[in-house]
$ cat protein_28.csv   # CSV, C-alpha atoms
chain,number,residue,atom,x,y,z
A,466,MET,CA,-10.6,-10.6,-30.7
A,467,ILE,CA,-11.3,-6.9,-30.1
A,468,ALA,CA,-13.6,-7.8,-27.1
A,469,VAL,CA,-10.9,-9.9,-25.5
A,470,GLY,CA,-7.9,-7.8,-26.4
A,471,LEU,CA,-9.4,-4.7,-24.9
A,472,SER,CA,-9.8,-6.4,-21.6
A,473,THR,CA,-6.1,-6.1,-20.8
A,474,VAL,CA,-6.7,-2.4,-20.5
A,475,VAL,CA,-8.4,-3.0,-17.2
A,476,GLU,CA,-5.8,-5.4,-15.9
A,477,TRP,CA,-2.8,-3.1,-16.5
A,478,TYR,CA,-4.8,0.0,-15.6
A,479,ASP,CA,-5.2,-1.4,-12.1
A,480,PHE,CA,-1.7,-2.8,-11.5
A,481,THR,CA,0.2,0.2,-13.0
A,482,LEU,CA,-2.1,2.6,-11.2
A,483,CYS,CA,-1.0,1.2,-7.9
A,484,LEU,CA,2.7,1.5,-8.8
A,485,TYR,CA,2.4,4.9,-10.4
A,486,PHE,CA,0.4,6.1,-7.4
A,487,ALA,CA,2.7,4.4,-4.8
A,488,PRO,CA,3.9,7.6,-3.2
A,489,THR,CA,0.3,8.8,-2.6
A,490,LEU,CA,-1.0,5.4,-1.5
A,491,SER,CA,1.9,5.0,0.9
A,492,ARG,CA,0.8,8.2,2.7
A,493,VAL,CA,-2.9,7.3,2.6
A,494,PHE,CA,-2.5,3.7,3.9
A,495,PHE,CA,0.8,3.6,5.9
A,496,GLY,CA,1.1,7.2,7.2
A,497,GLU,CA,3.9,9.7,6.8
A,498,ASP,CA,6.8,7.9,8.3
A,499,GLY,CA,10.0,7.4,6.2
A,500,GLU,CA,9.3,3.7,5.6
A,501,SER,CA,5.8,4.0,4.2
A,502,LEU,CA,6.9,3.8,0.5
A,503,GLY,CA,8.9,0.7,1.3
A,504,LYS,CA,5.9,-0.9,3.0
A,505,THR,CA,3.7,-0.1,0.1
A,506,LEU,CA,6.1,-1.7,-2.5
A,507,ALA,CA,6.6,-4.7,-0.2
A,508,GLY,CA,2.8,-5.1,0.0
A,509,PHE,CA,2.5,-5.0,-3.8
A,510,ALA,CA,5.3,-7.7,-4.0
A,511,ILE,CA,3.3,-9.9,-1.6
A,512,ALA,CA,0.2,-9.5,-3.7
A,513,TYR,CA,2.1,-10.3,-6.8
A,514,LEU,CA,2.9,-13.7,-5.4
A,515,MET,CA,-0.8,-14.5,-5.8
A,516,ARG,CA,-0.5,-14.3,-9.6
A,517,PRO,CA,1.0,-17.8,-10.1
A,518,ILE,CA,-1.5,-19.3,-7.7
A,519,GLY,CA,-4.4,-17.6,-9.6
A,520,ALA,CA,-2.8,-18.6,-12.9
A,521,ILE,CA,-2.6,-22.3,-11.9
A,522,ALA,CA,-6.2,-22.3,-10.6
A,523,PHE,CA,-7.5,-20.5,-13.7
A,524,GLY,CA,-5.3,-22.6,-16.0
A,525,GLN,CA,-6.8,-25.8,-14.8
A,526,PHE,CA,-10.2,-24.4,-15.1
A,527,GLY,CA,-9.6,-22.8,-18.6
A,528,ASP,CA,-8.0,-25.9,-20.1
A,529,ARG,CA,-11.0,-28.0,-18.9
A,530,ARG,CA,-14.0,-25.7,-19.1
A,531,GLY,CA,-13.0,-23.2,-21.8
A,532,ARG,CA,-11.5,-19.8,-22.4
A,533,LYS,CA,-14.8,-17.8,-22.2
A,534,PRO,CA,-15.8,-18.9,-18.7
A,535,THR,CA,-12.2,-18.2,-17.5
A,536,LEU,CA,-12.3,-14.7,-19.0
A,537,LEU,CA,-15.7,-13.9,-17.4
A,538,LEU,CA,-14.7,-15.2,-14.0
A,539,SER,CA,-11.4,-13.3,-13.9
A,540,MET,CA,-13.0,-10.1,-14.8
A,541,THR,CA,-15.7,-10.5,-12.2
A,542,LEU,CA,-13.1,-10.8,-9.4
A,543,MET,CA,-11.2,-7.8,-10.8
A,544,THR,CA,-14.3,-5.7,-10.7
A,545,ILE,CA,-15.0,-6.6,-7.1
A,546,ALA,CA,-11.4,-6.0,-6.0
A,547,MET,CA,-11.2,-2.5,-7.6
A,548,LEU,CA,-14.6,-1.4,-6.2
A,549,ALA,CA,-13.6,-2.6,-2.7
A,550,LEU,CA,-10.3,-0.8,-2.8
A,551,ALA,CA,-12.0,2.4,-3.8
A,552,VAL,CA,-14.0,2.5,-0.6
A,553,LEU,CA,-11.3,1.3,1.8
A,554,PRO,CA,-10.8,3.3,5.0
A,555,THR,CA,-7.5,5.1,5.3
A,556,TYR,CA,-4.6,5.1,7.9
A,557,ALA,CA,-6.0,8.3,9.4
A,558,GLN,CA,-9.3,6.5,10.0
A,559,ILE,CA,-8.4,3.1,11.3
A,560,GLY,CA,-4.6,3.1,11.7
A,561,ALA,CA,-2.3,0.2,10.6
A,562,SER,CA,-5.3,-2.0,9.6
A,563,ALA,CA,-5.7,0.2,6.5
A,564,GLY,CA,-2.5,-1.1,5.1
A,565,TRP,CA,-3.5,-4.7,5.6
A,566,LEU,CA,-6.8,-4.1,3.9
A,567,LEU,CA,-5.0,-2.6,0.9
A,568,ILE,CA,-2.7,-5.6,0.7
A,569,ALA,CA,-5.7,-8.0,0.9
A,570,MET,CA,-7.4,-6.3,-2.0
A,571,ARG,CA,-4.1,-6.4,-4.0
A,572,CYS,CA,-3.9,-10.1,-3.3
A,573,LEU,CA,-7.4,-10.7,-4.7
A,574,MET,CA,-6.5,-8.6,-7.7
A,575,GLY,CA,-3.3,-10.5,-8.2
A,576,PHE,CA,-5.1,-13.8,-8.0
A,577,SER,CA,-7.6,-12.8,-10.7
A,578,VAL,CA,-5.0,-11.2,-13.0
A,579,GLY,CA,-3.0,-14.4,-12.7
A,580,GLY,CA,-5.7,-16.1,-14.7
A,581,GLU,CA,-6.6,-13.1,-16.9
A,582,TYR,CA,-3.5,-12.4,-19.0
A,583,PRO,CA,-2.7,-16.0,-19.9
A,584,ALA,CA,-6.3,-16.5,-20.9
A,585,VAL,CA,-6.3,-13.4,-23.1
A,586,VAL,CA,-3.0,-14.3,-24.8
A,587,THR,CA,-4.3,-17.8,-25.4
A,588,TYR,CA,-7.6,-16.6,-26.9
A,589,LEU,CA,-5.9,-14.2,-29.3
A,590,PHE,CA,-3.2,-16.8,-30.3
A,591,GLU,CA,-5.9,-19.4,-31.0
A,592,THR,CA,-8.1,-17.1,-33.1
A,593,ALA,CA,-5.4,-15.4,-35.1
A,594,PRO,CA,-4.3,-16.5,-38.6
A,595,ALA,CA,-0.9,-18.3,-38.4
A,596,HIS,CA,1.0,-15.7,-40.4
A,597,ARG,CA,-0.3,-12.8,-38.2
A,598,ARG,CA,0.0,-14.4,-34.7
A,599,GLY,CA,2.8,-12.1,-33.6
A,600,LEU,CA,0.9,-8.9,-34.6
A,601,ILE,CA,-2.5,-10.0,-33.2
A,602,THR,CA,-1.2,-11.6,-30.0
A,603,SER,CA,0.9,-8.5,-29.3
A,604,SER,CA,-2.3,-6.5,-29.2
A,605,ALA,CA,-2.8,-7.9,-25.7
A,606,ALA,CA,0.4,-6.0,-24.7
A,607,ALA,CA,-0.5,-2.9,-26.7
A,608,ALA,CA,-4.0,-2.8,-25.2
A,609,SER,CA,-2.6,-3.3,-21.7
A,610,GLU,CA,-0.4,-0.2,-22.2
A,611,ILE,CA,-3.5,1.8,-23.0
A,612,GLY,CA,-4.6,0.8,-19.5
A,613,GLY,CA,-1.2,2.0,-18.3
A,614,LEU,CA,-1.6,5.2,-20.2
A,615,LEU,CA,-5.1,5.8,-18.7
A,616,ALA,CA,-3.6,5.1,-15.2
A,617,VAL,CA,-0.6,7.4,-15.5
A,618,GLY,CA,-2.6,10.1,-17.2
A,619,LEU,CA,-5.3,10.2,-14.6
A,620,CYS,CA,-2.7,10.1,-11.8
A,621,ALA,CA,-0.7,12.9,-13.4
A,622,TRP,CA,-3.8,15.0,-13.8
A,623,LEU,CA,-5.0,14.4,-10.2
A,624,THR,CA,-1.5,15.1,-8.8
A,625,ALA,CA,-1.1,18.3,-10.7
A,626,THR,CA,-4.6,19.7,-10.1
A,627,LEU,CA,-5.4,18.7,-6.5
A,628,PRO,CA,-3.7,19.9,-3.4
A,629,GLN,CA,-2.0,17.1,-1.5
A,630,GLN,CA,-4.5,17.3,1.3
A,631,SER,CA,-7.4,16.7,-1.1
A,632,LEU,CA,-5.5,14.0,-3.0
A,633,ASP,CA,-4.8,12.1,0.2
A,634,SER,CA,-8.3,12.5,1.6
A,635,TRP,CA,-10.6,11.6,-1.3
A,636,GLY,CA,-8.9,12.2,-4.7
A,637,TRP,CA,-7.0,8.9,-4.7
A,638,ARG,CA,-10.4,7.1,-4.8
A,639,ILE,CA,-11.4,8.4,-8.2
A,640,PRO,CA,-9.0,6.2,-10.3
A,641,PHE,CA,-10.2,3.1,-8.6
A,642,LEU,CA,-13.9,3.9,-9.0
A,643,PHE,CA,-13.2,4.5,-12.7
A,644,GLY,CA,-11.4,1.2,-13.0
A,645,ALA,CA,-14.2,-0.7,-11.4
A,646,ALA,CA,-16.7,0.8,-13.9
A,647,LEU,CA,-14.3,0.0,-16.8
A,648,ALA,CA,-14.0,-3.6,-15.6
A,649,ALA,CA,-17.8,-4.0,-15.4
A,650,ALA,CA,-18.2,-2.7,-19.0
A,651,ILE,CA,-15.6,-5.2,-20.3
A,652,TRP,CA,-17.4,-8.0,-18.4
A,653,LEU,CA,-20.6,-7.2,-20.3
A,654,LEU,CA,-18.7,-7.0,-23.6
A,655,ARG,CA,-17.2,-10.5,-23.0
A,656,GLN,CA,-20.7,-12.0,-23.0
A,657,ILE,CA,-20.6,-12.0,-26.9
A,658,ILE,CA,-17.4,-13.9,-27.5
A,659,PRO,CA,-17.3,-17.6,-28.7
A,660,GLU,CA,-14.8,-20.3,-27.7
A,661,PRO,CA,-11.8,-20.3,-30.0
A,662,PRO,CA,-11.7,-23.1,-32.7
A,663,ALA,CA,-8.6,-24.7,-31.3
A,664,PHE,CA,-10.2,-25.4,-27.9
A,665,VAL,CA,-13.5,-26.5,-29.5
A,666,ALA,CA,-11.6,-29.0,-31.7
A,667,GLU,CA,-9.7,-30.5,-28.7
A,668,ALA,CA,-13.0,-30.8,-26.7
A,669,GLN,CA,-14.9,-32.5,-29.5
A,670,ALA,CA,-12.0,-34.9,-30.0
A,671,ARG,CA,-12.1,-35.7,-26.3
A,672,ALA,CA,-8.4,-34.8,-26.2
A,673,LEU,CA,-8.6,-32.7,-23.0
A,674,PRO,CA,-6.5,-34.2,-20.2
A,675,LEU,CA,-8.1,-34.8,-16.8
A,676,SER,CA,-5.2,-32.8,-15.3
A,677,PRO,CA,-3.9,-30.2,-17.7
A,678,LEU,CA,-1.4,-29.0,-15.1
A,679,GLY,CA,0.0,-32.5,-14.7
A,680,ASP,CA,0.2,-33.0,-18.4
A,681,ALA,CA,2.2,-29.8,-18.8
A,682,VAL,CA,4.6,-30.7,-16.0
A,683,ARG,CA,5.2,-34.2,-17.6
A,684,ASN,CA,5.4,-33.2,-21.3
A,685,GLN,CA,6.0,-29.5,-21.6
A,686,ARG,CA,9.0,-28.8,-19.3
A,687,ARG,CA,11.1,-27.2,-22.1
A,688,GLY,CA,8.2,-24.8,-23.0
A,689,ILE,CA,7.7,-23.9,-19.4
A,690,GLY,CA,11.4,-23.0,-19.1
A,691,ILE,CA,11.4,-20.9,-22.2
A,692,GLY,CA,8.3,-19.1,-21.1
A,693,PHE,CA,9.9,-18.4,-17.7
A,694,VAL,CA,13.0,-16.9,-19.2
A,695,ILE,CA,11.1,-14.7,-21.7
A,696,SER,CA,8.7,-13.5,-19.1
A,697,ALA,CA,11.5,-12.8,-16.6
A,698,LEU,CA,13.0,-10.3,-19.1
A,699,GLY,CA,9.6,-8.9,-20.0
A,700,SER,CA,8.6,-8.4,-16.4
A,701,ILE,CA,11.8,-6.7,-15.1
A,702,THR,CA,12.0,-4.4,-18.1
A,703,TYR,CA,8.4,-3.3,-17.6
A,704,TYR,CA,8.1,-3.2,-13.8
A,705,VAL,CA,11.6,-1.7,-13.1
A,706,GLY,CA,12.1,0.1,-16.5
A,707,ILE,CA,8.7,1.8,-16.5
A,708,THR,CA,6.5,1.5,-13.5
A,709,TYR,CA,9.2,1.8,-10.9
A,710,VAL,CA,10.5,5.1,-12.4
A,711,PRO,CA,8.2,7.5,-10.5
A,712,SER,CA,9.3,5.9,-7.2
A,713,PHE,CA,13.0,6.0,-8.4
A,714,ILE,CA,12.7,9.7,-9.2
A,715,SER,CA,11.1,10.3,-5.7
A,716,LEU,CA,14.0,8.5,-4.1
A,717,VAL,CA,16.8,10.3,-6.0
A,718,GLY,CA,15.0,13.6,-5.8
A,719,SER,CA,15.6,14.4,-9.5
A,720,ALA,CA,12.0,15.8,-10.1
A,721,ASP,CA,8.7,16.2,-8.3
A,722,GLU,CA,5.8,13.7,-8.4
A,723,ALA,CA,3.9,15.5,-11.2
A,724,THR,CA,6.9,15.6,-13.5
A,725,ALA,CA,7.6,11.9,-12.8
A,726,LEU,CA,4.1,11.0,-13.9
A,727,GLN,CA,4.3,13.2,-17.0
A,728,LEU,CA,7.4,11.3,-18.0
A,729,SER,CA,5.6,8.0,-17.4
A,730,THR,CA,2.8,9.2,-19.7
A,731,PHE,CA,5.3,9.6,-22.6
A,732,ALA,CA,6.6,6.1,-21.7
A,733,ALA,CA,3.1,4.6,-22.1
A,734,LEU,CA,2.7,6.2,-25.5
A,735,VAL,CA,6.0,4.8,-26.7
A,736,VAL,CA,5.1,1.3,-25.6
A,737,ILE,CA,1.8,1.4,-27.6
A,738,VAL,CA,3.7,2.3,-30.8
A,739,VAL,CA,6.6,-0.1,-30.3
A,740,THR,CA,4.5,-3.1,-29.3
A,741,SER,CA,2.5,-3.5,-32.5
A,742,PHE,CA,5.6,-2.9,-34.7
A,743,THR,CA,7.6,-5.5,-32.8
A,744,GLY,CA,4.8,-8.1,-33.0
A,745,TRP,CA,4.6,-7.6,-36.8
A,746,LEU,CA,8.4,-7.8,-37.1
A,747,SER,CA,8.4,-11.1,-35.3
A,748,ASP,CA,6.0,-12.5,-37.9
A,749,MET,CA,8.4,-11.3,-40.6
A,750,ILE,CA,11.8,-12.4,-39.3
A,751,GLY,CA,11.0,-14.8,-36.4
A,752,ARG,CA,10.6,-14.7,-32.7
A,753,LYS,CA,14.1,-15.8,-31.7
A,754,SER,CA,15.9,-13.1,-33.8
A,755,VAL,CA,13.8,-10.3,-32.4
A,756,LEU,CA,14.2,-11.6,-28.8
A,757,LEU,CA,18.0,-11.9,-29.1
A,758,VAL,CA,18.3,-8.3,-30.4
A,759,LEU,CA,16.2,-7.1,-27.5
A,760,CYS,CA,18.3,-9.0,-25.0
A,761,THR,CA,21.4,-7.3,-26.3
A,762,LEU,CA,19.8,-3.9,-26.1
A,763,CYS,CA,18.5,-4.6,-22.6
A,764,ALA,CA,21.9,-5.6,-21.5
A,765,ALA,CA,23.7,-2.6,-22.9
A,766,LEU,CA,21.4,0.4,-22.3
A,767,PRO,CA,19.5,0.5,-19.0
A,768,VAL,CA,22.4,1.5,-16.7
A,769,ALA,CA,23.0,4.7,-18.7
A,770,MET,CA,19.3,5.4,-18.9
A,771,PHE,CA,18.8,5.4,-15.2
A,772,LEU,CA,21.9,7.7,-14.7
A,773,MET,CA,20.3,10.1,-17.2
A,774,ILE,CA,17.0,10.0,-15.3
A,775,ALA,CA,18.8,10.7,-12.0
A,776,SER,CA,20.7,13.7,-13.4
A,777,GLY,CA,17.8,16.1,-12.7
A,778,ASP,CA,17.8,17.4,-16.3
A,779,ILE,CA,14.4,16.8,-17.9
A,780,MET,CA,15.9,17.0,-21.4
A,781,MET,CA,18.1,14.0,-20.5
A,782,ALA,CA,15.4,12.2,-18.5
A,783,LEU,CA,12.8,12.2,-21.2
A,784,PRO,CA,14.7,10.3,-23.9
A,785,ALA,CA,16.0,7.9,-21.2
A,786,VAL,CA,12.4,7.1,-20.1
A,787,MET,CA,11.4,6.6,-23.7
A,788,VAL,CA,14.3,4.2,-24.5
A,789,LEU,CA,13.4,2.1,-21.4
A,790,ALA,CA,9.8,2.0,-22.5
A,791,ALA,CA,10.7,0.9,-26.0
A,792,LEU,CA,12.7,-2.0,-24.6
A,793,ALA,CA,9.9,-3.1,-22.3
A,794,GLY,CA,7.3,-2.8,-25.0
A,795,GLY,CA,9.3,-4.8,-27.5
A,796,VAL,CA,9.9,-7.7,-25.1
A,797,SER,CA,6.3,-7.8,-24.1
A,798,ALA,CA,5.1,-7.9,-27.7
A,799,VAL,CA,7.2,-10.7,-28.9
A,800,GLY,CA,7.1,-12.5,-25.6
A,801,ALA,CA,3.3,-12.9,-25.7
A,802,VAL,CA,3.3,-15.0,-28.9
A,803,ALA,CA,6.7,-16.7,-28.3
A,804,THR,CA,5.5,-18.1,-25.0
A,805,ALA,CA,2.0,-19.2,-26.3
A,806,GLU,CA,3.7,-21.1,-29.2
A,807,GLN,CA,5.5,-23.4,-26.7
A,808,PHE,CA,2.3,-25.3,-25.8
A,809,PRO,CA,-0.5,-27.3,-27.4
A,810,ALA,CA,-4.1,-26.1,-27.0
A,811,ARG,CA,-4.9,-28.8,-24.4
A,812,THR,CA,-2.4,-27.4,-21.9
A,813,ARG,CA,-1.7,-23.9,-23.1
A,814,LEU,CA,-3.2,-22.1,-20.1
A,815,SER,CA,-1.6,-24.4,-17.6
A,816,GLY,CA,1.7,-24.2,-19.3
A,817,LEU,CA,1.6,-20.4,-19.4
A,818,ALA,CA,0.7,-20.4,-15.7
A,819,LEU,CA,3.7,-22.4,-14.7
A,820,GLY,CA,6.2,-20.5,-16.8
A,821,VAL,CA,5.0,-17.0,-17.5
A,822,THR,CA,3.2,-16.0,-14.4
A,823,THR,CA,5.7,-17.5,-12.0
A,824,ALA,CA,8.4,-15.4,-13.6
A,825,THR,CA,6.2,-12.4,-13.5
A,826,ALA,CA,5.6,-12.8,-9.8
A,827,LEU,CA,9.4,-13.0,-9.1
A,828,PHE,CA,10.7,-10.5,-11.7
A,829,GLY,CA,7.7,-8.2,-11.9
A,830,GLY,CA,5.9,-7.8,-8.5
A,831,ALA,CA,9.0,-8.3,-6.4
A,832,ALA,CA,11.4,-6.4,-8.6
A,833,PRO,CA,10.3,-2.8,-7.7
A,834,TYR,CA,10.8,-3.6,-4.0
A,835,ALA,CA,14.1,-5.3,-4.7
A,836,ALA,CA,15.2,-2.2,-6.7
A,837,TYR,CA,14.1,0.0,-3.8
A,838,LEU,CA,16.1,-2.1,-1.3
A,839,LEU,CA,19.2,-2.5,-3.4
A,840,GLN,CA,19.3,1.2,-4.3
A,841,GLY,CA,19.0,2.2,-0.7
A,842,TRP,CA,21.8,-0.2,0.2
A,843,SER,CA,24.2,0.7,-2.6
A,844,ASN,CA,23.2,4.4,-2.8
A,845,ALA,CA,23.8,4.0,-6.6
A,846,PRO,CA,21.3,5.4,-9.1
A,847,ALA,CA,22.5,2.8,-11.7
A,848,THR,CA,21.2,-0.1,-9.6
A,849,PRO,CA,17.8,-0.6,-11.3
A,850,GLY,CA,19.5,-0.5,-14.7
A,851,LEU,CA,22.0,-3.1,-13.6
A,852,MET,CA,19.2,-5.4,-12.5
A,853,ILE,CA,17.7,-5.3,-16.0
A,854,SER,CA,21.1,-5.9,-17.6
A,855,VAL,CA,21.9,-9.0,-15.6
A,856,VAL,CA,18.6,-10.6,-16.4
A,857,ALA,CA,19.0,-9.7,-20.1
A,858,VAL,CA,22.4,-11.3,-20.3
A,859,ILE,CA,21.2,-14.5,-18.7
A,860,SER,CA,18.0,-14.6,-20.8
A,861,GLY,CA,19.9,-14.1,-24.0
A,862,LEU,CA,22.3,-17.0,-23.2
A,863,VAL,CA,19.4,-19.3,-22.3
A,864,LEU,CA,17.3,-18.5,-25.4
A,865,THR,CA,20.3,-18.9,-27.7
A,866,ARG,CA,20.6,-22.5,-26.6
A,867,THR,CA,17.0,-23.5,-26.1
A,868,MET,CA,14.8,-21.8,-28.7
A,869,ALA,CA,14.4,-23.5,-32.0
A,870,ARG,CA,16.4,-21.9,-34.9
A,871,HIS,CA,13.3,-21.3,-37.0
A,872,ALA,CA,11.3,-19.7,-34.1

$ encode --input "protein_28.csv" --output "structure tokens"
Amino acid sequence: MIAVGLSTVVEWYDFTLCLYFAPTLSRVFFGEDGESLGKTLAGFAIAYLMRPIGAIAFGQFGDRRGRKPTLLLSMTLMTIAMLALAVLPTYAQIGASAGWLLIAMRCLMGFSVGGEYPAVVTYLFETAPAHRRGLITSSAAAASEIGGLLAVGLCAWLTATLPQQSLDSWGWRIPFLFGAALAAAIWLLRQIIPEPPAFVAEAQARALPLSPLGDAVRNQRRGIGIGFVISALGSITYYVGITYVPSFISLVGSADEATALQLSTFAALVVIVVTSFTGWLSDMIGRKSVLLVLCTLCAALPVAMFLMIASGDIMMALPAVMVLAALAGGVSAVGAVATAEQFPARTRLSGLALGVTTATALFGGAAPYAAYLLQGWSNAPATPGLMISVVAVISGLVLTRTMARHA
């Protein structure tokens, strides 16, 4: 479980690295024009659309061939994508083609991550004791935030210590080289893991369907819907409430890039603490109760938090960032186990692919760009918080009606 759970460090390190580093990458790959940040965020949104495609492909593979081969293959592709990105030519070297190469590598990363996270959640869920599934499965979210912490910490250090010219010419490559080495180390560690007992039992009983995806569509539509709703809330709270914050601060001009990244470092620490506690709490009082409380808080608080961040007062921005991080960490923690519980072992990866990663593509990858566009159109700093609140209200209403009372 440790070998598998730690692997999400790499996954979230890479994806949050690109979002935290968006202002720098926009200059490096799209030039200095006023639209470069928007182009960068749009490119990441396109890459995120590869996640459900990768999830479906890996889901079919993992439900037929096993969890371990899936975890090894996804990490291989992640290593290749990060290493390739680290050596890409820049806009200054080859012009507009640099931006397209960046997007291509992000698409490869999105495809591999699409299969990675559902496989990790499935593995942890299937190897955990029944009374500790919330705590153990939530470790995937906690470990992923360690990756986020590494990403924002390294970005903050590089931004604070290197002149912008050095950062834009060669310094931006360092985090991606580090990520590629980290992914290769996790790939080696994964060689030791066995298949989880739940999958082995299904395989020995010859209960594996010829088409896990078709089986999930026919028999698990309710679970797919619940997984979609939970993941929609988890994605928008994380990708708008945490990783979009440095870009938000840049747009409203409330602080410099180094300060924004320092705030995000505190956010990462909060998520690590909150995630494990929320997973344990869901084991004690049930998934539904915890989720509904989080929906209420996500509906009530984010608008005020973004206004506090935009105020320009660091003493107001810091607690606001920490509150947004706590909400995102809580939803991610209980969401991991609550979605995995919706499916039997024979179709668990495919079911998660259809529900969870589809929602993540729409409400995660596209959300920062949507927030950027809506904020520019409305000229209202509260816009990102309003986006989270709307999704939280809808999610709460749906989960109230659909989740089992004892869940």

$ closest_residue --input "protein_28.csv" --among "A:Leu814, A:Ile691, A:Leu600, A:Leu614" --to "Asp748 in chain A" --atoms "only C-alpha atoms"
A:Leu600

$ residues_around --input "protein_28.csv" --residues "Phe771 in chain A" --least-positions-apart "2" --cutoff "9 Å" --atoms "only C-alpha atoms" --output "list in words"
Gly706, Val710, Phe713, Pro767, Val768, Ala769, Met773, Ile774, Ala775, Ser776, Ala782, Ala785, Val786, Leu789, Pro846, Ala847, Thr848, Pro849 and Gly850 of chain A

$ closest_residue --input "protein_28.csv" --among "A:Thr624, A:Gln558, A:Thr822, A:Thr481" --to "Thr804 in chain A" --atoms "all atoms listed in the file"
A:Thr822

$ residues_around --input "protein_28.csv" --residues "Asp680 in chain A" --least-positions-apart "3" --cutoff "9 Å" --atoms "only C-alpha atoms" --output "MDAnalysis selection string"
chainID A and resid 674:677 683:685 811:812 815:816

$ residues_around --input "protein_28.csv" --residues "Phe509 in chain A" --least-positions-apart "2" --cutoff "7 Å" --atoms "only C-alpha atoms" --output "list in words"
Thr505, Leu506, Ala507, Ile511, Ala512, Tyr513, Ile568, Arg571 and Gly830 of chain A

$ write_last_selection --input "protein_28.csv" --atoms "C-alpha atoms" --output "mmCIF file, in the coordinates of the input"
data_model
loop_
_atom_site.group_PDB
_atom_site.id
_atom_site.type_symbol
_atom_site.label_atom_id
_atom_site.label_comp_id
_atom_site.auth_asym_id
_atom_site.auth_seq_id
_atom_site.Cartn_x
_atom_site.Cartn_y
_atom_site.Cartn_z
ATOM 1 C CA THR A 505 3.700 -0.100 0.100
ATOM 2 C CA LEU A 506 6.100 -1.700 -2.500
ATOM 3 C CA ALA A 507 6.600 -4.700 -0.200
ATOM 4 C CA ILE A 511 3.300 -9.900 -1.600
ATOM 5 C CA ALA A 512 0.200 -9.500 -3.700
ATOM 6 C CA TYR A 513 2.100 -10.300 -6.800
ATOM 7 C CA ILE A 568 -2.700 -5.600 0.700
ATOM 8 C CA ARG A 571 -4.100 -6.400 -4.000
ATOM 9 C CA GLY A 830 5.900 -7.800 -8.500
#

$ closest_residue --input "protein_28.csv" --among "A:Val705, A:Val796, A:Ala605, A:Leu567" --to "Ala835 in chain A" --atoms "all atoms listed in the file"
A:Val705

$ closest_atom_pairs --input "protein_28.csv" --of "range 696-735 of chain A" --to "range 824-829 of chain A" --cutoff "12 Å" --atoms "only C-alpha atoms" --output "tab-separated table"
residue	atom	partner	partner_atom	distance
A:Ser696	CA	A:Ala824	CA	5.8
A:Ala697	CA	A:Ala824	CA	5.0
A:Leu698	CA	A:Phe828	CA	7.8
A:Gly699	CA	A:Thr825	CA	8.1
A:Ser700	CA	A:Gly829	CA	4.6
A:Ile701	CA	A:Phe828	CA	5.2
A:Thr702	CA	A:Gly829	CA	8.4
A:Tyr703	CA	A:Gly829	CA	7.5
A:Tyr704	CA	A:Gly829	CA	5.4
A:Val705	CA	A:Gly829	CA	7.7
A:Gly706	CA	A:Gly829	CA	10.5
A:Ile707	CA	A:Gly829	CA	11.1
A:Thr708	CA	A:Gly829	CA	9.9
A:Tyr709	CA	A:Gly829	CA	10.2

$ atom_distance --input "protein_28.csv" --atom1 "CA of Arg686 in chain A" --atom2 "CA of Gly519 in chain A"
20.0 Å

$ closest_residue --input "protein_28.csv" --among "A:Ile779, A:Leu536, A:Leu482, A:Ile689" --to "Ser719 in chain A" --atoms "all atoms listed in the file"
A:Ile779

$ atom_distance --input "protein_28.csv" --atom1 "CA of Tyr588 in chain A" --atom2 "CA of Ala663 in chain A"
9.3 Å

$ residues_around --input "protein_28.csv" --residues "Ala569 in chain A" --least-positions-apart "4" --cutoff "12 Å" --atoms "all atoms listed in the file" --output "VMD selection string"
chain A and resid 508 to 509 511 to 513 515 546 to 547 549 to 550 553 562 to 565 573 to 576

$ write_last_selection --input "protein_28.csv" --atoms "C-alpha atoms" --output "short mmCIF file (atom, residue, chain, number, x, y, z; two decimals), in the coordinates of the input"
data_model
loop_
_atom_site.label_atom_id
_atom_site.label_comp_id
_atom_site.auth_asym_id
_atom_site.auth_seq_id
_atom_site.Cartn_x
_atom_site.Cartn_y
_atom_site.Cartn_z
CA GLY A 508 2.80 -5.10 0.00
CA PHE A 509 2.50 -5.00 -3.80
CA ILE A 511 3.30 -9.90 -1.60
CA ALA A 512 0.20 -9.50 -3.70
CA TYR A 513 2.10 -10.30 -6.80
CA MET A 515 -0.80 -14.50 -5.80
CA ALA A 546 -11.40 -6.00 -6.00
CA MET A 547 -11.20 -2.50 -7.60
CA ALA A 549 -13.60 -2.60 -2.70
CA LEU A 550 -10.30 -0.80 -2.80
CA LEU A 553 -11.30 1.30 1.80
CA SER A 562 -5.30 -2.00 9.60
CA ALA A 563 -5.70 0.20 6.50
CA GLY A 564 -2.50 -1.10 5.10
CA TRP A 565 -3.50 -4.70 5.60
CA LEU A 573 -7.40 -10.70 -4.70
CA MET A 574 -6.50 -8.60 -7.70
CA GLY A 575 -3.30 -10.50 -8.20
CA PHE A 576 -5.10 -13.80 -8.00
#

$ residues_around --input "protein_28.csv" --residues "Gly524 in chain A" --least-positions-apart "3" --cutoff "7 Å" --atoms "only C-alpha atoms" --output "compact mmCIF listing (two decimals) with C-alpha atoms, in the frame of the given file"
# COMPACT_ATOMS: atom_id res chain seq x y z
CA ALA A 520 -2.80 -18.60 -12.90
CA ILE A 521 -2.60 -22.30 -11.90
CA GLY A 527 -9.60 -22.80 -18.60
CA ASP A 528 -8.00 -25.90 -20.10
CA GLY A 580 -5.70 -16.10 -14.70
CA LEU A 814 -3.20 -22.10 -20.10
CA SER A 815 -1.60 -24.40 -17.60
CA ALA A 818 0.70 -20.40 -15.70

$ closest_residue --input "protein_28.csv" --among "A:Arg532, A:Leu471, A:Gly800, A:Ala557" --to "Val665 in chain A" --atoms "only C-alpha atoms"
A:Arg532
